[in-house]
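S.K.: Sharing final_23.cif (mmCIF, C-alpha atoms and all ligand atoms) below.
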data_model
loop_
_atom_site.label_atom_id
_atom_site.label_comp_id
_atom_site.auth_asym_id
_atom_site.auth_seq_id
_atom_site.Cartn_x
_atom_site.Cartn_y
_atom_site.Cartn_z
CA MET A 1 0.00 0.00 0.00
CA PHE A 2 1.31 3.45 -0.89
CA THR A 3 1.43 5.35 2.43
CA PHE A 4 2.64 8.79 3.36
CA ASN A 5 5.83 7.15 4.72
CA THR A 6 6.59 5.41 1.40
CA TYR A 7 6.07 8.73 -0.37
CA ARG A 8 8.42 10.51 2.08
CA PHE A 9 11.07 7.76 1.67
CA THR A 10 10.90 7.94 -2.14
CA LEU A 11 11.35 11.70 -2.05
CA ILE A 12 14.36 11.44 0.26
CA ALA A 13 15.96 8.71 -1.89
CA ALA A 14 15.45 10.71 -5.10
CA ALA A 15 16.90 13.84 -3.50
CA ALA A 16 19.88 11.85 -2.21
CA ALA A 17 20.52 10.33 -5.66
CA LEU A 18 20.46 13.77 -7.24
CA ALA A 19 22.87 15.09 -4.62
CA ILE A 20 25.52 12.40 -5.30
CA PRO A 21 28.21 13.85 -7.56
CA ALA A 22 29.04 11.66 -10.59
CA SER A 23 32.57 11.09 -9.27
CA TYR A 24 31.09 9.12 -6.33
CA ALA A 25 29.03 6.82 -8.58
CA GLN A 26 30.20 3.22 -8.18
CA ALA A 27 33.28 2.44 -10.35
CA PRO A 28 33.16 -0.81 -12.36
CA ALA A 29 35.05 -3.71 -10.79
CA LYS A 30 38.72 -3.93 -11.71
CA LEU A 31 39.54 -6.04 -14.75
CA LYS A 32 41.56 -9.04 -13.58
CA VAL A 33 44.28 -9.81 -16.11
CA GLY A 34 46.26 -13.05 -15.68
CA PHE A 35 49.74 -13.14 -17.17
CA MET A 36 50.93 -16.68 -17.84
CA LEU A 37 54.44 -16.09 -19.18
CA PRO A 38 57.94 -17.49 -18.62
CA ALA A 39 59.94 -15.64 -15.94
CA THR A 40 62.70 -18.26 -15.88
CA GLY A 41 64.49 -20.43 -18.46
CA THR A 42 65.57 -19.81 -22.05
CA PHE A 43 62.45 -17.68 -22.85
CA ALA A 44 62.51 -15.50 -19.69
CA ALA A 45 63.49 -12.31 -21.55
CA LEU A 46 60.63 -12.86 -24.01
CA GLY A 47 58.11 -12.95 -21.15
CA THR A 48 59.49 -9.71 -19.71
CA ALA A 49 59.27 -7.92 -23.05
CA ILE A 50 55.63 -9.03 -23.53
CA GLU A 51 54.67 -7.75 -20.07
CA ASN A 52 56.52 -4.47 -20.64
CA GLY A 53 54.72 -3.92 -23.93
CA PHE A 54 51.33 -4.65 -22.36
CA ARG A 55 51.98 -2.24 -19.49
CA LEU A 56 53.18 0.49 -21.86
CA TYR A 57 49.90 0.45 -23.81
CA LEU A 58 47.88 0.34 -20.60
CA ASN A 59 49.76 3.38 -19.23
CA GLU A 60 49.08 5.23 -22.46
CA GLN A 61 45.35 4.59 -21.82
CA GLY A 62 45.53 6.07 -18.30
CA GLY A 63 45.58 2.60 -16.68
CA LYS A 64 42.15 1.54 -17.99
CA LEU A 65 40.88 -0.83 -20.69
CA GLY A 66 37.21 -0.85 -21.66
CA GLY A 67 36.58 1.70 -18.88
CA ARG A 68 37.94 -0.62 -16.17
CA GLU A 69 41.07 -0.29 -14.08
CA VAL A 70 43.36 -3.29 -14.40
CA GLU A 71 44.68 -5.60 -11.70
CA PHE A 72 47.40 -8.14 -12.56
CA PHE A 73 47.88 -11.75 -11.50
CA LYS A 74 50.96 -13.68 -12.59
CA VAL A 75 52.35 -17.19 -12.86
CA ASP A 76 55.80 -18.19 -14.14
CA ASP A 77 54.98 -20.98 -16.62
CA GLU A 78 58.69 -21.91 -16.99
CA SER A 79 57.94 -22.76 -20.65
CA ASP A 80 56.98 -26.18 -19.31
CA PRO A 81 53.94 -27.74 -21.01
CA SER A 82 53.66 -30.41 -18.29
CA LYS A 83 52.86 -27.69 -15.70
CA ALA A 84 50.63 -25.61 -17.98
CA ILE A 85 47.22 -26.97 -16.96
CA ASP A 86 47.91 -26.47 -13.24
CA ASN A 87 49.27 -23.00 -13.93
CA VAL A 88 46.33 -21.83 -16.00
CA ASN A 89 43.90 -23.23 -13.43
CA LYS A 90 45.61 -21.14 -10.74
CA LEU A 91 44.72 -18.04 -12.72
CA ILE A 92 41.17 -19.13 -13.58
CA LYS A 93 40.05 -20.85 -10.37
CA ARG A 94 42.20 -19.30 -7.63
CA ASP A 95 42.53 -15.74 -8.95
CA ASN A 96 39.27 -15.63 -10.91
CA VAL A 97 40.81 -13.67 -13.77
CA ASP A 98 38.66 -12.11 -16.49
CA VAL A 99 41.26 -12.55 -19.22
CA LEU A 100 44.34 -14.73 -19.79
CA ILE A 101 47.45 -13.34 -21.49
CA GLY A 102 49.92 -16.04 -22.55
CA SER A 103 52.07 -17.70 -23.42
CA VAL A 104 55.44 -17.83 -25.25
CA HIS A 105 56.00 -21.58 -25.76
CA SER A 106 53.68 -23.26 -28.30
CA GLY A 107 53.06 -26.30 -26.09
CA VAL A 108 52.18 -24.17 -23.06
CA ALA A 109 49.96 -21.91 -25.18
CA MET A 110 48.10 -24.95 -26.56
CA ALA A 111 47.37 -26.27 -23.07
CA MET A 112 46.17 -22.80 -22.03
CA ALA A 113 43.93 -22.58 -25.08
CA ARG A 114 42.37 -25.97 -24.30
CA VAL A 115 41.46 -24.81 -20.79
CA ALA A 116 40.34 -21.37 -21.97
CA LYS A 117 38.11 -22.99 -24.58
CA SER A 118 36.38 -25.27 -22.08
CA SER A 119 36.01 -22.56 -19.40
CA GLY A 120 35.04 -19.81 -21.86
CA THR A 121 37.66 -17.45 -20.39
CA LEU A 122 38.82 -14.72 -22.76
CA MET A 123 42.41 -15.41 -23.89
CA ILE A 124 44.85 -13.33 -25.92
CA ASN A 125 48.00 -15.16 -26.92
CA PRO A 126 50.93 -12.73 -27.30
CA ASN A 127 53.40 -15.20 -28.85
CA GLY A 128 52.99 -19.02 -28.83
CA GLY A 129 52.67 -19.81 -32.53
CA ALA A 130 51.10 -23.30 -32.46
CA ASP A 131 49.06 -23.39 -35.67
CA ALA A 132 46.15 -25.26 -34.04
CA ILE A 133 45.34 -22.38 -31.65
CA THR A 134 43.80 -20.45 -34.52
CA GLY A 135 43.26 -23.62 -36.58
CA SER A 136 41.56 -26.81 -35.44
CA MET A 137 41.33 -25.57 -31.82
CA CYS A 138 40.00 -22.10 -32.67
CA ALA A 139 37.29 -20.66 -30.45
CA VAL A 140 35.18 -17.55 -30.13
CA ASN A 141 37.06 -16.47 -26.96
CA ILE A 142 40.65 -17.11 -28.16
CA PHE A 143 42.77 -14.53 -30.03
CA ARG A 144 46.38 -14.01 -31.05
CA SER A 145 48.28 -10.70 -31.21
CA SER A 146 51.29 -12.52 -32.65
CA PHE A 147 51.54 -15.03 -35.54
CA SER A 148 50.97 -18.67 -36.45
CA ASN A 149 54.14 -20.74 -36.80
CA TRP A 150 53.31 -21.25 -40.46
CA GLN A 151 53.42 -17.51 -41.30
CA PRO A 152 57.12 -16.58 -40.84
CA GLY A 153 58.24 -20.09 -41.93
CA PHE A 154 56.38 -19.91 -45.23
CA ALA A 155 57.57 -16.36 -45.90
CA ILE A 156 61.28 -17.09 -45.39
CA GLY A 157 60.98 -20.23 -47.57
CA GLN A 158 59.80 -18.09 -50.45
CA ALA A 159 62.48 -15.48 -49.76
CA MET A 160 65.28 -18.10 -49.67
CA ALA A 161 64.18 -19.50 -53.05
CA ALA A 162 63.98 -15.97 -54.47
CA LYS A 163 67.67 -15.55 -53.56
CA GLY A 164 68.41 -18.42 -55.94
CA HIS A 165 69.07 -21.22 -53.43
CA LYS A 166 68.03 -24.66 -54.66
CA THR A 167 68.67 -26.96 -51.68
CA ALA A 168 68.27 -26.39 -47.95
CA ALA A 169 68.72 -28.12 -44.60
CA THR A 170 66.44 -27.27 -41.67
CA ILE A 171 67.45 -27.29 -38.01
CA THR A 172 65.05 -26.58 -35.12
CA TRP A 173 63.95 -27.62 -31.67
CA LYS A 174 61.69 -30.69 -31.78
CA TYR A 175 58.32 -29.35 -30.61
CA ALA A 176 55.32 -27.66 -32.22
CA ALA A 177 57.07 -24.35 -32.96
CA GLY A 178 60.12 -25.95 -34.58
CA ASP A 179 58.12 -28.59 -36.46
CA GLU A 180 55.54 -26.13 -37.79
CA MET A 181 57.95 -23.36 -38.76
CA ALA A 182 60.10 -25.92 -40.60
CA LYS A 183 56.95 -27.26 -42.30
CA GLY A 184 55.89 -23.76 -43.35
CA PHE A 185 59.42 -23.09 -44.60
CA LYS A 186 59.43 -26.31 -46.65
CA GLU A 187 56.07 -25.44 -48.20
CA GLY A 188 57.21 -21.93 -49.18
CA PHE A 189 60.64 -23.09 -50.42
CA GLU A 190 59.44 -26.11 -52.40
CA LYS A 191 56.47 -24.26 -53.96
CA ALA A 192 59.05 -21.81 -55.27
CA GLY A 193 61.21 -24.58 -56.76
CA GLY A 194 63.62 -25.44 -53.90
CA LYS A 195 64.20 -28.83 -52.25
CA VAL A 196 64.71 -29.56 -48.54
CA THR A 197 67.42 -32.21 -48.44
CA LYS A 198 68.00 -32.62 -44.68
CA GLU A 199 65.74 -32.11 -41.64
CA LEU A 200 67.51 -31.92 -38.29
CA ASN A 201 66.27 -31.25 -34.78
CA LEU A 202 67.03 -31.61 -31.09
CA PRO A 203 64.78 -31.61 -28.01
CA PHE A 204 63.71 -28.27 -26.47
CA PRO A 205 65.56 -26.52 -24.80
CA ASN A 206 68.82 -28.38 -25.57
CA VAL A 207 71.70 -26.36 -27.01
CA GLU A 208 74.24 -29.06 -27.85
CA PHE A 209 74.39 -28.24 -31.57
CA GLN A 210 77.82 -29.61 -32.49
CA ALA A 211 76.85 -33.02 -33.91
CA LEU A 212 74.09 -31.48 -36.02
CA LEU A 213 76.40 -28.77 -37.35
CA THR A 214 78.79 -31.50 -38.46
CA GLU A 215 75.93 -33.15 -40.36
CA ILE A 216 75.14 -29.85 -42.10
CA ALA A 217 78.79 -29.43 -43.10
CA SER A 218 78.85 -32.83 -44.75
CA ALA A 219 75.41 -32.47 -46.42
CA LYS A 220 76.51 -29.18 -48.06
CA PRO A 221 73.08 -27.64 -48.76
CA ASP A 222 72.95 -24.26 -50.52
CA ALA A 223 71.51 -22.66 -47.36
CA VAL A 224 70.14 -23.46 -43.89
CA PHE A 225 66.77 -22.59 -42.32
CA SER A 226 66.52 -22.53 -38.54
CA PHE A 227 64.20 -21.69 -35.68
CA PHE A 228 65.56 -21.03 -32.21
CA ALA A 229 64.69 -18.21 -29.85
CA GLY A 230 65.91 -16.50 -26.67
CA GLY A 231 69.02 -17.98 -25.05
CA GLY A 232 69.02 -20.95 -27.44
CA ALA A 233 69.14 -18.65 -30.48
CA VAL A 234 72.13 -16.79 -29.05
CA LYS A 235 74.10 -20.01 -28.70
CA PHE A 236 73.03 -21.46 -32.06
CA VAL A 237 74.03 -18.40 -34.11
CA LYS A 238 77.41 -18.21 -32.35
CA ASP A 239 78.05 -21.94 -32.77
CA TYR A 240 77.09 -21.83 -36.46
CA ASP A 241 79.64 -19.08 -37.02
CA SER A 242 82.36 -20.73 -34.89
CA ALA A 243 81.91 -23.98 -36.84
CA GLY A 244 82.95 -22.01 -39.94
CA LEU A 245 79.64 -22.63 -41.73
CA LYS A 246 78.33 -19.09 -42.14
CA LYS A 247 80.46 -18.05 -45.11
CA GLY A 248 79.81 -21.10 -47.29
CA ILE A 249 76.22 -21.96 -46.26
CA PRO A 250 74.17 -18.81 -45.57
CA LEU A 251 71.97 -18.92 -42.49
CA PHE A 252 68.26 -18.02 -42.73
CA GLY A 253 65.51 -18.28 -40.14
CA THR A 254 62.26 -17.05 -38.74
CA GLY A 255 63.01 -13.70 -37.11
CA PHE A 256 63.06 -15.15 -33.59
CA LEU A 257 66.59 -16.32 -34.39
CA THR A 258 67.91 -12.75 -34.13
CA ASP A 259 65.19 -10.73 -32.34
CA GLY A 260 66.11 -9.39 -28.90
CA THR A 261 69.39 -11.33 -29.12
CA LEU A 262 71.76 -9.20 -31.20
CA ASP A 263 73.75 -7.71 -28.29
CA ALA A 264 74.67 -11.22 -27.18
CA GLN A 265 75.22 -12.63 -30.70
CA GLY A 266 77.62 -9.85 -31.76
CA SER A 267 79.40 -10.28 -35.07
CA SER A 268 78.23 -13.91 -35.50
CA ALA A 269 74.75 -12.69 -36.52
CA GLN A 270 75.86 -10.18 -39.17
CA GLY A 271 74.16 -10.78 -42.52
CA VAL A 272 71.67 -13.39 -41.27
CA LEU A 273 68.39 -13.12 -43.22
CA THR A 274 65.09 -13.71 -41.44
CA SER A 275 61.39 -13.08 -41.88
CA LEU A 276 59.05 -11.69 -39.22
CA HIS A 277 56.09 -9.37 -38.70
CA TYR A 278 58.33 -6.73 -37.10
CA ALA A 279 61.68 -5.20 -38.04
CA ASP A 280 64.08 -2.39 -37.19
CA GLY A 281 64.08 0.65 -39.44
CA LEU A 282 60.37 0.67 -40.32
CA ASN A 283 60.65 4.40 -39.65
CA THR A 284 56.92 5.12 -39.41
CA PRO A 285 55.62 7.77 -37.00
CA ARG A 286 53.69 5.03 -35.12
CA ASP A 287 56.73 2.78 -34.66
CA ASN A 288 59.09 5.65 -33.86
CA ALA A 289 56.76 6.91 -31.10
CA PHE A 290 56.41 3.38 -29.69
CA ARG A 291 60.17 2.79 -29.69
CA LEU A 292 60.89 6.09 -28.00
CA ALA A 293 58.27 5.53 -25.30
CA TYR A 294 59.46 1.94 -24.70
CA ALA A 295 63.14 2.94 -24.48
CA LYS A 296 62.32 5.81 -22.08
CA THR A 297 60.17 3.64 -19.84
CA PHE A 298 62.20 0.44 -19.72
CA LYS A 299 65.73 1.68 -20.60
CA MET A 300 66.02 -0.91 -23.34
CA GLN A 301 65.08 -1.29 -27.00
CA PRO A 302 61.80 -3.02 -27.88
CA ASP A 303 61.66 -6.22 -29.91
CA VAL A 304 58.92 -8.29 -31.54
CA TYR A 305 57.82 -9.69 -28.16
CA ALA A 306 57.31 -6.18 -26.77
CA VAL A 307 55.18 -5.32 -29.84
CA GLN A 308 53.06 -8.45 -29.37
CA GLY A 309 52.48 -7.55 -25.68
CA TYR A 310 51.61 -3.97 -26.62
CA ASP A 311 49.15 -5.18 -29.25
CA ALA A 312 47.60 -7.76 -26.90
CA ALA A 313 46.67 -4.84 -24.62
CA GLN A 314 45.50 -2.86 -27.62
CA MET A 315 43.27 -5.70 -28.86
CA LEU A 316 41.88 -6.17 -25.36
CA GLY A 317 41.08 -2.45 -25.20
CA VAL A 318 39.35 -2.43 -28.60
CA GLY A 319 37.27 -5.53 -27.84
CA LEU A 320 36.30 -4.44 -24.33
CA ALA A 321 35.30 -0.96 -25.47
CA ALA A 322 32.78 -2.60 -27.82
CA VAL A 323 31.20 -4.66 -25.02
CA LYS A 324 31.36 -1.88 -22.40
CA GLY A 325 33.97 -3.69 -20.35
CA ASP A 326 32.06 -7.00 -20.11
CA ALA A 327 34.79 -9.62 -20.63
CA LYS A 328 32.18 -12.40 -20.50
CA ASN A 329 30.57 -11.15 -23.70
CA THR A 330 33.04 -13.02 -25.90
CA GLU A 331 30.67 -13.03 -28.91
CA GLY A 332 30.46 -9.24 -28.88
CA PHE A 333 34.20 -8.95 -28.22
CA ALA A 334 34.99 -11.21 -31.21
CA ALA A 335 32.54 -9.42 -33.53
CA ALA A 336 34.30 -6.11 -32.79
CA LEU A 337 37.82 -7.47 -33.24
CA VAL A 338 37.28 -9.12 -36.61
CA LYS A 339 36.02 -5.76 -37.90
CA ALA A 340 38.84 -3.74 -36.32
CA THR A 341 42.10 -2.47 -37.73
CA ILE A 342 44.84 -2.61 -35.12
CA ASP A 343 47.23 0.34 -35.33
CA SER A 344 50.34 -1.59 -34.37
CA PRO A 345 53.98 -0.42 -34.31
CA ARG A 346 54.56 -3.28 -36.83
CA GLY A 347 52.11 -1.58 -39.25
CA LYS A 348 48.31 -1.76 -39.33
CA PHE A 349 46.82 -5.25 -39.30
CA THR A 350 43.40 -6.88 -39.28
CA ILE A 351 42.28 -10.05 -37.53
CA SER A 352 41.13 -13.10 -39.46
CA LYS A 353 37.89 -14.99 -38.86
CA ALA A 354 40.04 -17.53 -36.99
CA HIS A 355 41.37 -14.66 -34.77
CA ASN A 356 44.97 -14.53 -36.06
CA PRO A 357 46.67 -11.36 -37.42
CA ILE A 358 46.69 -10.88 -41.20
CA GLN A 359 49.99 -9.08 -41.55
CA ASN A 360 53.10 -8.33 -43.57
CA MET A 361 56.08 -10.65 -43.14
CA TYR A 362 59.13 -8.44 -43.49
CA LEU A 363 62.45 -9.63 -44.88
CA ARG A 364 65.19 -8.50 -42.47
CA GLU A 365 68.96 -8.57 -42.58
CA VAL A 366 71.14 -8.26 -39.50
CA SER A 367 73.27 -5.16 -39.81
CA GLY A 368 75.12 -3.88 -36.73
CA LYS A 369 72.69 -4.10 -33.81
CA GLU A 370 69.60 -4.10 -36.03
CA ASN A 371 67.28 -6.51 -37.85
CA LYS A 372 67.06 -4.03 -40.69
CA VAL A 373 64.00 -4.25 -42.94
CA VAL A 374 65.17 -4.93 -46.51
CA GLY A 375 61.81 -5.77 -48.07
CA ILE A 376 58.48 -7.52 -47.62
CA ALA A 377 58.82 -11.30 -47.92
CA SER A 378 55.04 -11.82 -47.96
CA LYS A 379 52.40 -9.08 -48.00
CA SER A 380 49.27 -9.30 -45.79
CA LEU A 381 49.87 -12.98 -45.18
CA GLU A 382 46.88 -14.86 -43.75
CA ASP A 383 47.28 -18.22 -42.03
CA PRO A 384 45.23 -20.96 -43.77
CA ALA A 385 43.57 -21.74 -40.38
CA THR A 386 43.05 -25.36 -41.36
CA GLY A 387 40.19 -26.95 -39.42
CA CYS A 388 38.74 -23.73 -37.98
CA ASN A 389 35.01 -23.28 -38.46
CA LEU A 390 34.33 -19.94 -36.81
C1 LIG B 1 56.79 -20.89 -29.71
O1 LIG B 1 57.04 -21.84 -28.96
O2 LIG B 1 55.71 -20.82 -30.33
C2 LIG B 1 57.78 -19.79 -29.86
C3 LIG B 1 58.70 -19.54 -28.87
C4 LIG B 1 59.59 -18.49 -29.03
C5 LIG B 1 59.55 -17.71 -30.14
C6 LIG B 1 58.63 -17.96 -31.13
C7 LIG B 1 57.74 -19.01 -31.00
#
For this file, write the structure as structure tokens.

M.R.:
Amino acid sequence: MFTFNTYRFTLIAAAAALAIPASYAQAPAKLKVGFMLPATGTFAALGTAIENGFRLYLNEQGGKLGGREVEFFKVDDESDPSKAIDNVNKLIKRDNVDVLIGSVHSGVAMAMARVAKSSGTLMINPNGGADAITGSMCAVNIFRSSFSNWQPGFAIGQAMAAKGHKTAATITWKYAAGDEMAKGFKEGFEKAGGKVTKELNLPFPNVEFQALLTEIASAKPDAVFSFFAGGGAVKFVKDYDSAGLKKGIPLFGTGFLTDGTLDAQGSSAQGVLTSLHYADGLNTPRDNAFRLAYAKTFKMQPDVYAVQGYDAAQMLGVGLAAVKGDAKNTEGFAAALVKATIDSPRGKFTISKAHNPIQNMYLREVSGKENKVVGIASKSLEDPATGCNL
């Protein structure tokens, strides 16, 4: 029954609501972001660069994405696939994160994606290239700000053939990233008329390259393709040079072979040709501003991993803005991202239906302390996304 008291209460409540300044209105809950990245092991520096890049973009947005302040939760995944399910469950079940950011290692990223897919948690992968993540395992809530293993492998295969090389040996770590980059390379190289004559590998993260280098010397291919990254890449490039192979059998690779590693590789890396979706010397206003801000903030130069972290934050911001900060609305988030153009330091890119960047693969040559861009190995390259039905 509507009494005088109800009427009085309603009036008081309305007056109180009007008197509350907007600044006291309830702020949305903080966005819980879970970083699952390596902080130890051969990929530790890659994890740091990804986190730095993410934080740089967030700072540029005044600390908010999709109107929400951000709170971080972290696990060191040690680049160990056998611990990945426990690690991702810590973020989802213990910390209750809204979004997962990770990881670097393809095997770890695949395990994360499996859990993200079954729990429906939003995930942006800022490196791990396993083709299946945006292929047969693709899902409405899973995105990449990086690459599929096939993309840089295919591009450098075509570039090696274009240099006139007819035969090649491949050497990689034996796990998804090595296998798939070598497969992409072989496809690109052989489609362009080359022939892979020797396929070598060793378990991740081993760095005892000597026996395999001896095999390359006796096989005498025209050129070598390789994938290693982080600490392993530093040792491989130095060992290849020390074994006296570099002059007679030119070394090619996906760009991870020389990205973020040139200080430690020194003269052994000079002249190595690689393909990647980022390079030094792009000299665009967007990249120059990014590089300056990164160097000022972190007192070091950015690399591809920093760009992927920066763009993971950027993609998160674009998607969340479209769904007014509601990270559970993965359909709305996805619909916005596949229509978006991401203004990345690497150059603008769009996101495929399978949620992988469609992007230029630059051809880069190591010169001094830079992976200098010398051309575009493959323009706007889209992963075939085999098995994805999004
Ligand atoms: C990977 O495992 O997918 C990966 C690791 C380091 C660099 C590039 C790819």

S.K.: To one decimal place, how far is CA of Gly102 in chain A from CA of Lys379 in chain A in Å?

M.R.: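 So the answer is 26.5 Å.
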
S.K.: Show which residues sit within 8 Å of Val318 in chain A, as an MDAnalysis selection string. Count only C-alpha atoms, and ignore same-chain residues fewer than 5 positions away.

M.R.: chainID A and resid 66 336:337 340

S.K.: Using all atoms listed in the file, which protein or nucleic acid residues come within 12 Å of Ser367 in chain A? Drop anything in the same chain fewer than 2 positions from it, and give the result as a ChimeraX atom specification.

M.R.: /A:258,262-263,265-274,279-281,364-365,369-374

S.K.: At a cut-off of 10 Å, can you tabulate as CSV every residue of chain A near ligand LIG 1 (chain B) together with its closest atom pair and the distance in Å to one decimal, using all atoms listed in the file and ordering rows by chain then number?

M.R.:
residue,atom,partner,partner_atom,distance
A:Thr42,CA,B:LIG1,C4,9.3
A:Phe43,CA,B:LIG1,C4,6.9
A:Leu46,CA,B:LIG1,C4,7.6
A:Gly47,CA,B:LIG1,C4,9.7
A:Ser79,CA,B:LIG1,O1,8.4
A:Ser103,CA,B:LIG1,O2,8.4
A:Val104,CA,B:LIG1,C3,5.2
A:His105,CA,B:LIG1,O1,3.4
A:Ser106,CA,B:LIG1,O1,3.7
A:Gly107,CA,B:LIG1,O1,6.6
A:Val108,CA,B:LIG1,O1,8.0
A:Ala109,CA,B:LIG1,O2,7.8
A:Met110,CA,B:LIG1,O2,9.4
A:Pro126,CA,B:LIG1,O2,9.9
A:Asn127,CA,B:LIG1,C7,6.2
A:Gly128,CA,B:LIG1,O2,3.6
A:Gly129,CA,B:LIG1,O2,3.9
A:Ala130,CA,B:LIG1,O2,5.7
A:Asp131,CA,B:LIG1,O2,8.9
A:Ser146,CA,B:LIG1,C6,9.3
A:Phe147,CA,B:LIG1,C7,8.7
A:Ser148,CA,B:LIG1,O2,8.0
A:Asn149,CA,B:LIG1,O2,6.7
A:Pro152,CA,B:LIG1,C6,9.9
A:Trp173,CA,B:LIG1,O1,9.4
A:Tyr175,CA,B:LIG1,O1,7.8
A:Ala176,CA,B:LIG1,O1,6.9
A:Ala177,CA,B:LIG1,O2,4.6
A:Gly178,CA,B:LIG1,O1,7.6
A:Glu180,CA,B:LIG1,O2,9.2
A:Met181,CA,B:LIG1,C7,8.9
A:Phe204,CA,B:LIG1,O1,9.6
A:Phe227,CA,B:LIG1,C6,8.1
A:Phe228,CA,B:LIG1,C5,7.2
A:Ala229,CA,B:LIG1,C5,5.2
A:Gly230,CA,B:LIG1,C4,7.0
A:Gly232,CA,B:LIG1,C4,9.9
A:Ala233,CA,B:LIG1,C5,9.6
A:Thr254,CA,B:LIG1,C6,8.5
A:Gly255,CA,B:LIG1,C6,8.5
A:Phe256,CA,B:LIG1,C5,5.5
A:Leu257,CA,B:LIG1,C5,8.3
A:Asp259,CA,B:LIG1,C5,9.2
A:Val304,CA,B:LIG1,C5,9.5
A:Tyr305,CA,B:LIG1,C5,8.4

S.K.: Figure out the distance between CA of Ala217 in chain A and CA of Gly194 in chain A, please, to one decimal in Å.

M.R.: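 Distance reported for this atom pair: 19.0 Å.
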
S.K.: With a distance cut-off of 7 Å and all atoms listed in the file, select the neighbouring residues of Ala111 in chain A, excluding the residue or stretch itself and same-chain residues fewer than 4 positions from it, and output the selection as a list in words.

M.R.: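 The residues satisfying every condition are Ala84, Ile85, Gly107 and Val115 of chain A.
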
S.K.: For the atom pair CA of Asp326 in chain A and CA of Ile342 in chain A, what is the interatomic distance in Å to one decimal place?

M.R.: 20.2 Å

S.K.: For Phe225 in chain A, which residue out of A:Asn201, A:Ala293, A:Leu212, A:Gly157 is the nearest one, using all atoms listed in the file?

M.R.: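 Closest to Phe225 in chain A, using all atoms listed in the file: A:Gly157.
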
S.K.: List as a list in words: which residues have an atom within 6 Å of (67.6, -21.2, -42.9), counting all atoms listed in the file?

M.R.: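 Residues close enough to count: Val224, Phe225, Ser226, Leu251, Phe252 and Gly253 of chain A.
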
S.K.: Nearest to Leu65 in chain A among A:Lys93, A:Lys353, A:Lys299, A:Lys324, with distances taken over only C-alpha atoms: which residue is it?

M.R.: A:Lys324

S.K.: Quick one: of A:Tyr294, A:Tyr362, A:Phe189, A:Trp150, who's nearest to Leu282 in chain A, counting all atoms listed in the file?

M.R.: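 Ranked by minimum distance to Leu282 in chain A, first place goes to A:Tyr362.
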
S.K.: If we count only C-alpha atoms and set the cut-off at 8 Å, which residues sit around Leu200 in chain A, ignoring sequence neighbours fewer than 2 positions away in its own chain? Please answer as a PyMOL selection string.

M.R.: chain A and resi 169-172+198+202+212

S.K.: Taking all atoms listed in the file into account, which of A:Thr167, A:Thr48, A:Gln301, A:Gln61 comes nearest Asp222 in chain A?

M.R.: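 Checking each of A:Thr167, A:Thr48, A:Gln301, A:Gln61 against Asp222 in chain A, counting all atoms listed in the file, the winner is A:Thr167.
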
S.K.: Looking at A:Ala29, A:Gln314, A:Val88, A:Ile249, which one is nearest to Glu69 in chain A, with distances taken over all atoms listed in the file?

M.R.: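 Smallest distance to Glu69 in chain A is found for A:Ala29.
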
S.K.: Could you make a table, as JSON lines, of the residues of range 83-105 of chain A that have an atom within 8 Å of an atom of range 30-36 of chain A, each with its nearest atom pair and distance in Å to one decimal, counting only C-alpha atoms, in chain and number order?

M.R.:
{"residue": "A:Asn87", "atom": "CA", "partner": "A:Met36", "partner_atom": "CA", "distance": 7.6}
{"residue": "A:Val88", "atom": "CA", "partner": "A:Met36", "partner_atom": "CA", "distance": 7.1}
{"residue": "A:Leu91", "atom": "CA", "partner": "A:Gly34", "partner_atom": "CA", "distance": 6.0}
{"residue": "A:Asn96", "atom": "CA", "partner": "A:Lys32", "partner_atom": "CA", "distance": 7.5}
{"residue": "A:Val97", "atom": "CA", "partner": "A:Lys32", "partner_atom": "CA", "distance": 4.7}
{"residue": "A:Asp98", "atom": "CA", "partner": "A:Lys32", "partner_atom": "CA", "distance": 5.1}
{"residue": "A:Val99", "atom": "CA", "partner": "A:Val33", "partner_atom": "CA", "distance": 5.1}
{"residue": "A:Leu100", "atom": "CA", "partner": "A:Gly34", "partner_atom": "CA", "distance": 4.8}
{"residue": "A:Ile101", "atom": "CA", "partner": "A:Phe35", "partner_atom": "CA", "distance": 4.9}
{"residue": "A:Gly102", "atom": "CA", "partner": "A:Met36", "partner_atom": "CA", "distance": 4.9}
{"residue": "A:Ser103", "atom": "CA", "partner": "A:Met36", "partner_atom": "CA", "distance": 5.8}

S.K.: Using only C-alpha atoms, which of the listed residues (A:Asp179, A:Glu51, A:Asp86, A:Glu382) sits closest to Gly135 in chain A?

M.R.: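 The answer is A:Glu382, which sits nearest to Gly135 in chain A.
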